[in-house]
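Asks: What follows is my_file00.txt, made up of compact mmCIF, C-alpha atoms:
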```
# COMPACT_ATOMS: atom_id res chain seq x y z
CA MET A 111 95.61 142.57 64.06
CA THR A 112 96.94 145.41 66.11
CA SER A 113 99.40 145.22 69.00
CA GLU A 114 98.12 148.47 70.49
CA THR A 115 96.71 148.07 74.00
CA SER A 116 92.92 148.34 74.15
CA ARG A 117 91.50 149.40 77.52
CA PRO A 118 87.97 149.28 78.88
CA ALA A 119 86.17 152.50 79.73
CA ALA A 120 87.95 154.49 82.45
CA SER A 121 84.62 154.96 84.22
CA LEU A 122 84.95 151.41 85.54
CA ARG A 123 87.90 152.51 87.66
CA PRO A 124 87.36 155.87 89.38
CA GLY A 125 89.45 157.16 92.26
CA PRO A 126 93.12 156.91 93.24
CA ALA A 127 95.19 153.76 93.05
CA VAL A 128 95.44 151.51 96.10
CA ARG A 129 98.74 151.45 97.96
CA LEU A 130 100.33 148.01 97.60
CA ASN A 131 102.76 146.37 99.99
CA GLU A 132 106.08 145.13 98.64
CA PRO A 133 108.12 142.19 99.96
CA LEU A 134 111.29 143.19 101.76
CA PRO A 135 114.45 143.02 99.60
CA ASP A 136 116.51 139.86 99.64
CA ARG A 137 119.64 141.80 100.59
CA GLY A 138 120.14 144.97 102.57
CA ARG A 139 117.01 144.55 104.69
CA ARG A 140 116.74 147.36 107.24
CA ARG A 141 115.27 147.01 110.70
CA LEU A 142 113.29 150.29 110.67
CA GLY A 143 112.40 149.99 114.34
CA GLU A 144 112.02 146.22 114.31
CA PRO A 145 113.43 144.51 117.44
CA PHE A 146 116.75 142.77 116.82
CA VAL A 147 115.47 139.27 117.68
CA THR A 148 112.45 139.55 115.41
CA HIS A 149 114.58 140.98 112.61
CA HIS A 150 117.18 138.20 112.95
CA VAL A 151 114.62 135.37 113.03
CA ARG A 152 112.65 136.70 110.06
CA ARG A 153 115.73 137.41 107.98
CA THR A 154 117.19 133.98 108.71
CA MET A 155 113.92 132.21 107.90
CA ALA A 156 113.73 134.14 104.64
CA ARG A 157 117.14 132.67 103.73
CA GLY A 158 115.76 129.20 104.49
CA LEU A 159 113.94 129.11 101.13
CA ARG A 160 115.80 129.66 97.86
CA PRO A 161 113.57 128.58 94.96
CA GLN A 162 113.80 129.61 91.33
CA PRO A 163 113.14 133.38 91.11
CA SER A 164 110.33 133.05 88.60
CA TRP A 165 107.44 130.74 87.74
CA THR A 166 107.98 131.42 84.02
CA VAL A 167 108.02 128.34 81.78
CA PRO A 168 107.48 127.81 78.02
CA VAL A 169 103.80 128.09 77.11
CA ARG A 170 101.85 127.00 74.04
CA TYR A 171 98.86 129.26 73.42
CA VAL A 172 95.93 127.37 71.91
CA LEU A 173 92.96 129.06 70.24
CA PRO A 174 89.64 127.42 69.29
CA ASP A 175 89.93 125.34 66.14
CA GLY A 176 89.63 127.14 62.82
CA PRO A 177 86.73 126.76 60.33
CA ALA A 178 88.23 123.63 58.78
CA GLY A 179 88.95 122.04 62.17
CA GLU A 180 92.62 122.95 62.11
CA ALA A 181 94.42 123.57 65.40
CA VAL A 182 95.45 127.19 65.97
CA GLU A 183 98.52 127.63 68.17
CA LEU A 184 100.61 130.69 69.01
CA SER A 185 104.03 130.89 70.62
CA ASP A 186 103.91 134.07 72.71
CA ALA A 187 101.58 136.05 74.96
CA ARG A 188 101.54 139.15 72.74
CA SER A 189 100.24 137.16 69.78
CA ALA A 190 97.60 135.53 71.97
CA ALA A 191 96.51 138.92 73.31
CA ALA A 192 96.32 140.32 69.78
CA ALA A 193 94.12 137.42 68.70
CA LEU A 194 91.78 138.04 71.65
CA ARG A 195 91.73 141.83 71.37
CA PRO A 196 88.41 142.27 69.50
CA GLY A 197 86.62 141.50 72.78
CA SER A 198 88.30 144.42 74.66
CA PRO A 199 87.75 142.54 77.94
CA ALA A 200 87.64 144.25 81.33
CA LEU A 201 88.03 140.99 83.28
CA ALA A 202 90.18 137.92 82.63
CA LEU A 203 88.93 134.66 84.16
CA ILE A 204 91.37 131.77 84.51
CA ALA A 205 90.43 128.09 84.80
CA PRO A 206 93.59 126.22 85.91
CA THR A 207 93.80 122.42 85.80
CA TYR A 208 96.18 119.65 84.72
CA VAL A 209 96.08 116.47 82.66
CA ALA A 210 96.44 114.05 85.59
CA ARG A 211 93.50 115.68 87.37
CA GLY A 212 91.16 113.12 85.83
CA THR A 213 89.53 112.04 82.60
CA LEU A 214 88.57 114.43 79.83
CA ALA A 215 84.91 113.62 80.53
CA GLY A 216 85.31 114.69 84.16
CA GLN A 217 87.08 117.88 83.16
CA GLN A 218 84.36 118.66 80.61
CA GLU A 219 81.69 118.22 83.29
CA ARG A 220 83.44 120.67 85.64
CA PHE A 221 84.17 123.06 82.77
CA ASP A 222 80.53 123.09 81.66
CA ALA A 223 79.49 124.08 85.20
CA LEU A 224 81.99 126.96 85.09
CA LEU A 225 80.67 128.04 81.67
CA ASP A 226 77.20 128.32 83.23
CA ARG A 227 78.54 130.82 85.76
CA ILE A 228 80.49 132.75 83.11
CA GLY A 229 77.36 132.93 80.98
CA GLU A 230 75.49 134.50 83.91
CA LEU A 231 78.32 136.99 84.38
CA ALA A 232 78.34 137.96 80.70
CA GLU A 233 74.57 138.45 80.71
CA GLU A 234 74.27 140.33 84.01
CA ARG A 235 77.43 142.48 83.77
CA PRO A 236 77.69 143.56 80.11
CA GLU A 237 79.65 146.65 81.21
CA ALA A 238 82.55 144.34 82.13
CA PRO A 239 83.23 142.00 79.17
CA VAL A 240 85.20 138.84 79.97
CA VAL A 241 88.00 136.81 78.39
CA LEU A 242 88.40 133.17 79.44
CA LEU A 243 91.89 131.62 79.77
CA VAL A 244 92.07 127.85 80.33
CA GLY A 245 95.30 126.42 81.74
CA MET A 246 96.22 122.75 81.25
CA GLN A 247 99.49 121.65 82.87
CA TRP A 248 101.37 118.49 81.96
CA ALA A 249 104.13 116.42 83.58
CA SER A 250 105.65 114.42 80.67
CA ALA A 251 106.12 114.51 76.90
CA ARG A 252 103.14 112.19 76.47
CA GLU A 253 100.97 114.46 78.59
CA ALA A 254 102.10 117.52 76.62
CA GLY A 255 100.27 116.32 73.52
CA GLU A 256 97.28 115.26 75.61
CA SER A 257 97.23 118.73 77.16
CA VAL A 258 96.72 120.39 73.76
CA ALA A 259 94.10 117.82 72.74
CA ARG A 260 92.11 118.43 75.91
CA LEU A 261 92.38 122.18 75.52
CA ARG A 262 91.01 121.93 71.98
CA ALA A 263 88.03 119.95 73.31
CA LEU A 264 87.34 122.42 76.13
CA LEU A 265 87.80 125.49 73.96
CA GLY A 266 85.38 124.06 71.43
CA ARG A 267 82.75 123.73 74.14
CA ALA A 268 83.36 127.31 75.26
CA ARG A 269 83.08 128.64 71.68
CA ALA A 270 79.84 126.71 71.09
CA ARG A 271 78.17 127.77 74.35
CA LEU A 272 79.55 131.31 74.76
CA PRO A 273 80.43 132.55 71.27
CA ASP A 274 80.81 136.17 72.44
CA VAL A 275 83.42 135.33 75.11
CA PRO A 276 87.00 135.29 73.75
CA VAL A 277 88.84 132.17 74.90
CA CYS A 278 92.43 130.93 74.85
CA GLY A 279 94.13 127.80 76.18
CA LEU A 280 97.51 127.61 77.88
CA SER A 281 99.49 124.36 77.66
CA LEU A 282 102.50 124.39 79.99
CA PRO A 283 104.62 122.13 82.21
CA GLY A 284 103.70 121.79 85.88
CA PRO A 285 103.40 121.60 88.76
CA GLY A 286 102.35 124.85 90.41
CA LYS A 287 99.22 126.91 89.87
CA PRO A 288 101.27 130.18 89.86
CA ARG A 289 102.78 129.04 86.54
CA THR A 290 99.35 129.05 84.94
CA LEU A 291 98.32 132.27 86.70
CA ASN A 292 101.45 134.13 85.61
CA ALA A 293 101.06 133.02 81.99
CA ALA A 294 97.45 134.22 82.03
CA ILE A 295 98.30 137.46 83.84
CA GLU A 296 100.75 138.33 81.07
CA ILE A 297 97.90 138.12 78.54
CA ALA A 298 95.53 140.06 80.82
CA GLU A 299 98.07 142.88 81.19
CA SER A 300 98.58 143.05 77.41
CA LEU A 301 94.80 143.31 76.98
CA GLY A 302 94.51 146.06 79.59
CA CYS A 303 92.14 144.00 81.78
CA LEU A 304 91.22 145.74 85.04
CA GLY A 305 90.70 142.51 86.95
CA VAL A 306 91.97 138.93 86.92
CA GLY A 307 90.03 136.10 88.53
CA TRP A 308 90.41 132.36 88.79
CA VAL A 309 88.37 129.35 89.89
CA ASP A 310 89.92 126.06 91.01
CA ASP A 311 88.71 122.86 89.38
CA ASP A 312 87.71 121.22 92.69
CA VAL A 313 85.02 123.68 93.80
CA HIS A 314 81.37 124.09 92.88
CA LEU A 315 80.00 127.60 92.43
CA ASP A 316 76.44 128.48 93.32
CA ALA A 317 74.32 130.11 90.63
CA GLY A 318 75.24 133.77 90.27
CA CYS A 319 78.53 133.43 92.14
CA LEU A 320 80.77 135.05 89.51
CA SER A 321 78.29 137.79 88.62
CA ARG A 322 78.03 138.73 92.32
CA LEU A 323 81.80 138.83 92.67
CA ALA A 324 81.96 141.11 89.63
CA ARG A 325 79.16 143.27 91.07
CA ASP A 326 81.15 143.98 94.24
CA PHE A 327 84.44 144.33 92.35
CA LEU A 328 82.97 146.92 89.99
CA ALA A 329 81.29 148.76 92.87
CA ALA A 330 84.73 149.13 94.51
CA GLY A 331 86.17 150.70 91.37
CA CYS A 332 87.95 147.50 90.29
CA ARG A 333 90.35 147.84 93.23
CA GLY A 334 91.64 145.30 95.72
CA ALA A 335 90.25 141.76 95.73
CA VAL A 336 86.93 140.04 96.30
CA GLY A 337 86.36 136.36 97.03
CA ALA A 338 83.56 133.86 97.31
CA THR A 339 82.31 132.69 100.70
CA LYS A 340 83.49 129.09 101.11
CA ILE A 341 81.06 126.38 102.24
CA PRO A 342 82.88 123.27 103.59
CA HIS A 343 81.79 119.67 103.07
CA THR A 344 83.24 116.51 104.56
CA ARG A 345 84.43 113.36 102.79
CA GLU A 346 84.67 109.75 103.97
CA PHE A 347 88.07 110.25 105.62
CA ALA A 348 88.44 110.71 109.38
CA THR A 349 90.84 113.61 108.70
CA SER A 350 88.10 115.37 106.76
CA HIS A 351 85.63 115.21 109.65
CA LEU A 352 88.27 116.10 112.25
CA LEU A 353 89.59 119.12 110.35
CA ALA A 354 86.07 120.30 109.50
CA ARG A 355 85.20 120.39 113.22
CA ALA A 356 88.47 122.12 114.10
CA LYS A 357 87.99 124.74 111.37
CA ALA A 358 84.42 125.40 112.47
CA ILE A 359 85.74 126.32 115.93
CA ALA A 360 89.08 127.95 115.14
CA ALA A 361 88.25 129.71 111.82
CA PRO A 362 91.91 129.70 110.69
CA ALA A 363 92.73 132.49 108.21
CA THR A 364 89.36 132.38 106.46
CA ASN A 365 88.27 136.02 106.66
CA TYR A 366 89.87 137.17 103.40
CA PRO A 367 89.49 136.02 99.75
CA HIS A 368 90.91 132.58 98.99
CA GLY A 369 92.34 131.44 95.69
CA CYS A 370 89.69 128.82 94.95
CA CYS A 371 87.37 131.59 93.68
CA ILE A 372 88.74 135.12 93.61
CA LEU A 373 88.74 138.33 91.55
CA VAL A 374 91.75 140.67 91.91
CA ALA A 375 92.74 144.03 90.47
CA THR A 376 95.33 143.38 87.76
CA ASP A 377 97.83 145.87 89.22
CA VAL A 378 98.04 143.76 92.39
CA LEU A 379 99.50 140.97 90.26
CA ALA A 380 101.46 143.12 87.79
CA GLY A 381 104.39 141.16 86.41
CA GLY A 382 103.13 137.93 87.96
CA MET A 383 103.80 136.27 91.30
CA PRO A 384 107.49 135.89 92.27
CA GLY A 385 108.85 132.34 92.45
CA ARG A 386 109.05 132.41 96.26
CA TYR A 387 105.29 132.37 96.66
CA VAL A 388 103.28 129.20 96.18
CA SER A 389 100.13 130.52 97.85
CA ASP A 390 98.25 132.76 95.43
CA ASP A 391 95.74 134.04 98.00
CA GLY A 392 98.52 134.60 100.54
CA TYR A 393 100.39 136.78 98.06
CA VAL A 394 97.25 138.79 97.30
CA CYS A 395 96.47 139.16 101.01
CA PHE A 396 99.90 140.50 101.93
CA ARG A 397 99.88 142.88 98.96
CA LEU A 398 96.59 144.43 100.08
CA LEU A 399 96.46 144.12 103.88
CA ASP A 400 96.72 147.61 105.43
CA PRO A 401 96.95 147.82 109.24
CA ALA A 402 96.80 151.63 109.03
CA LEU A 403 93.15 151.51 107.90
CA PRO A 404 90.23 151.32 110.39
CA ASP A 405 89.47 147.98 108.72
CA PRO A 406 92.79 146.44 107.62
CA LEU A 407 90.90 144.01 105.38
CA ALA A 408 88.90 146.75 103.64
CA ARG A 409 90.49 145.88 100.28
CA LEU A 410 90.12 142.14 100.83
CA ARG A 411 86.39 141.49 100.80
CA LEU A 412 84.36 138.31 101.03
CA VAL A 413 81.03 138.44 99.20
CA PRO A 414 78.38 136.76 101.39
CA ASP A 415 75.95 135.91 98.58
CA ALA A 416 78.67 134.57 96.25
CA ARG A 417 79.16 131.03 97.52
CA CYS A 418 81.48 128.21 96.51
CA HIS A 419 81.50 124.67 97.90
CA TYR A 420 84.57 122.56 98.61
CA TYR A 421 85.66 119.36 100.34
CA VAL A 422 87.72 119.57 103.53
CA ALA A 423 90.95 117.52 103.46
CA GLY A 424 91.55 114.03 102.11
CA PRO A 425 93.62 110.97 103.08
CA ALA A 426 95.77 111.47 106.19
CA GLY A 427 99.15 111.33 104.42
CA GLU A 428 98.13 113.76 101.71
CA THR A 429 96.53 116.07 104.26
CA ARG A 430 99.71 116.11 106.35
CA ARG A 431 101.82 117.09 103.31
CA ARG A 432 99.30 119.74 102.38
CA ILE A 433 99.29 121.27 105.87
CA ARG A 434 103.11 121.35 105.85
CA ARG A 435 103.00 123.23 102.55
CA ILE A 436 100.44 125.70 103.96
CA LEU A 437 102.65 126.27 107.03
CA LEU A 438 105.71 126.89 104.87
CA ASN A 439 103.70 129.42 102.87
CA HIS A 440 102.65 131.21 106.08
CA LEU A 441 106.22 131.26 107.37
CA VAL A 442 107.68 132.61 104.14
CA ASP A 443 105.08 135.38 104.09
CA LEU A 444 105.73 136.24 107.74
CA ALA A 445 109.46 136.42 106.98
CA ASP A 446 109.20 138.46 103.78
CA TRP A 447 106.71 141.28 104.28
CA PRO A 448 106.85 144.55 106.29
CA LEU A 449 106.54 144.05 110.04
CA PRO A 450 103.24 145.99 110.61
CA VAL A 451 101.54 143.79 108.00
CA VAL A 452 103.07 140.63 109.46
CA ARG A 453 102.04 141.53 113.02
CA HIS A 454 98.42 142.10 112.03
CA TYR A 455 98.26 138.87 110.05
CA PHE A 456 99.79 136.84 112.87
CA ARG A 457 97.72 138.33 115.70
CA HIS A 458 94.36 138.95 114.07
CA ILE A 459 94.10 136.44 111.22
CA LEU A 460 96.35 133.39 111.48
CA PHE A 461 96.45 133.05 115.28
CA ALA A 462 93.49 135.13 116.45
CA GLY A 463 92.30 133.60 119.72
CA LEU A 464 95.70 132.08 120.63
CA TRP A 465 95.29 133.15 124.25
CA PRO A 466 97.35 134.32 126.12
CA LEU A 467 99.75 135.04 123.23
CA THR A 468 96.97 136.98 121.50
CA ALA A 469 93.63 138.27 122.79
CA PHE A 470 91.09 135.79 124.14
CA ASP A 471 88.13 135.31 121.79
CA ALA A 472 84.96 135.25 123.88
CA SER A 473 82.62 136.04 120.96
CA GLY A 474 81.16 132.51 121.06
CA GLY A 475 81.28 132.10 124.82
CA ARG A 476 84.06 131.20 127.23
CA ARG A 477 83.99 127.46 126.52
CA ARG A 478 84.27 127.94 122.77
CA GLY A 479 87.02 130.50 123.32
CA LEU A 480 89.01 127.92 125.30
CA GLN A 481 88.43 125.31 122.58
CA LYS A 482 89.63 127.77 119.97
CA ALA A 483 92.75 128.58 122.00
CA LEU A 484 93.57 124.87 122.38
CA ILE A 485 93.20 124.19 118.65
CA LYS A 486 95.28 127.26 117.84
CA TRP A 487 98.03 126.10 120.23
CA LEU A 488 98.14 122.68 118.58
CA TYR A 489 98.42 124.36 115.20
CA PHE A 490 101.03 126.78 116.57
CA ALA A 491 103.15 123.84 117.79
CA TRP A 492 103.23 122.42 114.25
CA PHE A 493 103.85 125.91 112.88
CA ALA A 494 106.78 126.42 115.29
CA GLY A 495 108.30 123.07 114.32
CA VAL A 496 108.27 123.87 110.60
CA GLY A 497 109.48 127.40 111.40
CA THR A 498 112.42 126.00 113.36
CA GLU A 499 113.38 123.87 110.36
CA LEU A 500 113.23 126.89 108.07
CA TYR A 501 115.29 128.97 110.53
CA LEU A 502 117.98 126.26 110.85
CA ARG A 503 118.15 125.89 107.09
CA GLY A 504 118.74 129.62 106.77
CA LEU A 505 121.30 129.59 109.59
CA THR A 506 123.30 126.69 108.11
CA CYS A 507 122.97 127.85 104.48
CA ARG A 508 121.07 124.70 103.48
CA PRO A 509 117.85 126.24 102.13
CA LEU A 510 114.86 124.51 100.67
CA ARG A 511 114.89 124.80 96.89
CA ALA A 512 111.13 124.44 96.49
CA VAL A 513 107.95 124.11 98.51
CA GLU A 514 106.58 120.68 97.68
CA TRP A 515 103.37 120.76 95.68
CA ALA A 516 100.74 118.76 97.56
CA PRO A 517 97.54 118.13 95.61
CA TYR A 518 95.00 115.56 96.67
CA SER A 519 95.23 112.46 94.48
CA ALA A 520 91.49 112.35 93.79
CA VAL A 521 88.83 114.94 94.46
CA PRO A 522 85.26 113.93 93.57
CA THR A 523 83.27 116.56 91.77
CA LEU A 524 80.77 118.50 93.87
CA THR A 525 77.54 118.56 91.89
CA PRO A 526 74.11 119.98 92.69
CA PRO A 527 72.09 119.50 94.72
CA VAL A 528 74.77 120.32 97.32
CA GLN A 529 73.82 119.72 100.93
CA GLU A 530 75.56 121.87 103.50
CA ARG A 531 77.46 120.08 106.24
```
Take the structure in the file and give it back as structure tokens.
Replies:
Amino acid sequence: MTSETSRPAASLRPGPAVRLNEPLPDRGRRRLGEPFVTHHVRRTMARGLRPQPSWTVPVRYVLPDGPAGEAVELSDARSAAAALRPGSPALALIAPTYVARGTLAGQQERFDALLDRIGELAEERPEAPVVLLVGMQWASAREAGESVARLRALLGRARARLPDVPVCGLSLPGPGKPRTLNAAIEIAESLGCLGVGWVDDDVHLDAGCLSRLARDFLAAGCRGAVGATKIPHTREFATSHLLARAKAIAAPATNYPHGCCILVATDVLAGGMPGRYVSDDGYVCFRLLDPALPDPLARLRLVPDARCHYYVAGPAGETRRRIRRILLNHLVDLADWPLPVVRHYFRHILFAGLWPLTAFDASGGRRRGLQKALIKWLYFAWFAGVGTELYLRGLTCRPLRAVEWAPYSAVPTLTPPVQER
């Protein structure tokens, strides 16, 4: 096996590279025309979070079982990439999950549905061969062994159903999806993949979803990011119905690709996500958002006919913790990135319609515009409260050491036929 990098045909990626935004440095940040108050608040909030600098953790790389049923494991990303190299993939698809997510039978059911979509992609886009990377996180020594056993079961199903798609499993400690993404990105970079995509284990993809994402990604020269259009569904909880109604009116930060189903140019994620960032789609958005363009979201495209279905919210306590985590992610991004990017995100994405602080949104009529403004102000009040905490932590040198991971304890599988809300 060779360690030489194998790259897909250059014709898949014509044109110049996209300019990428960089987070501001931790020290020596310059104002560059930024008002003193804004500079002080952002810099102080940035100091309010001091996590580990990297998501890197030890990873066991698991390949499909050998001819005699023996387990094949590797200890480093280069060896895993070398074992996968015969496929010369253009796209790396990641399926992140964890042992406590549910039973093996439930994970196999969701994995089989994903294999259906990957099979469509492989058939309809042969010019962009795919490698599949399956992440299985664990939380204890007992779960570590279970993680490898489940990976072997899932990889066997992938090998049997899609024998032409190279596949590798990643067993690693959790929590945190960026850990799995970074481990997979390291393999994708070694393979010379032009794009990296991932699909969460709690969404259902319509037929053709992945192939349509790849269609638009290839048409754009494998630049920027494309994401599925999300279709919300409610659960039995009052919070689910309440938030679904509020989101339908306020449309909070939903006009760019989200991390539940996304395909991103590999150079956007080169070297992996830094440890400060828990939100994968937030990191991608701030890397690619360009206020200098006529359409600042030109490199962050939703694909209308690529649809994925998801449940809105869960139990009240879990939803509250999840919203707090989302707000912390927003605040860290608003503190860390260049001011023109931050201003556009705040005014036109996160708090669009927050009249009179931002422009009044009369696109759905005056009454709906007032409803949107009210919901945005309620959200802004919560946002300001969490922001004040982060600011005071930075001011008193008592930073948060991590953003709490906040998964829902149980998410039922969305299975066809799916009825829209």
Asks: Would you give the centre and edge lengths, in Å to one decimal, of a box along x, y and z around the listed atoms of range 145-160 of chain A, with 5 Å added to each side, as AutoDock Vina command-line options?
Replies:
```
--center_x 114.8 --center_y 136.8 --center_z 107.8 --size_x 14.7 --size_y 25.4 --size_z 29.8
```
Asks: When distances are computed from all atoms listed in the file, which of A:Leu134, A:Cys395, A:Ala426, A:Leu173 shows the smallest separation from Arg152 in chain A?
Replies: A:Leu134
Asks: Counting only C-alpha atoms, which of A:Ser473, A:Asn292, A:Ser519, A:Thr207 gets nearest to Leu379 in chain A?
Replies: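 For Leu379 in chain A, the nearest of the given residues is A:Asn292.
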Asks: List the spatial neighbours of range 312-317 of chain A as number ranges by chain - criterion: any atom at most 12 Å away, all atoms listed in the file, same-chain residues fewer than 4 positions off excluded.
Replies: A: 205-208, 211-212, 216-217, 219-231, 308, 321-323, 337-343, 368-372, 414-423, 517-529
Asks: Given the choices A:Val452, A:Ala190, A:Met246, A:Leu201, which gets closest to Cys278 in chain A if the distance is worked out from all atoms listed in the file?
Replies: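 Comparing A:Val452, A:Ala190, A:Met246, A:Leu201 against Cys278 in chain A, the winner is A:Ala190.
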Asks: What does the structure give for the distance between CA of Leu438 in chain A and CA of Ser389 in chain A, in Å to one decimal?
Replies: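 Separation of CA of Leu438 in chain A and CA of Ser389 in chain A: 9.7 Å.
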Asks: Using all atoms listed in the file, which protein or nucleic acid residues come within 10 Å of Thr506 in chain A? Drop anything in the same chain fewer than 3 positions from it, and give the result as a list of chain:residue names.
Replies: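 What passes the distance filter is A:Thr154, A:Arg157, A:Gly158, A:Tyr501, A:Leu502, A:Arg503, A:Pro509.
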Asks: Show me the residues around (79.7, 142.8, 81.7) - criterion: an atom at most 9 Å away, all atoms listed in the file counted - as a PyMOL selection string.
Replies: chain A and resi 199-201+231-240+321+324
Asks: Ranking A:Arg129, A:Arg139, A:Leu214, A:Ala263 by minimum distance to Ala181 in chain A and counting only C-alpha atoms, which one comes first?
Replies: A:Ala263
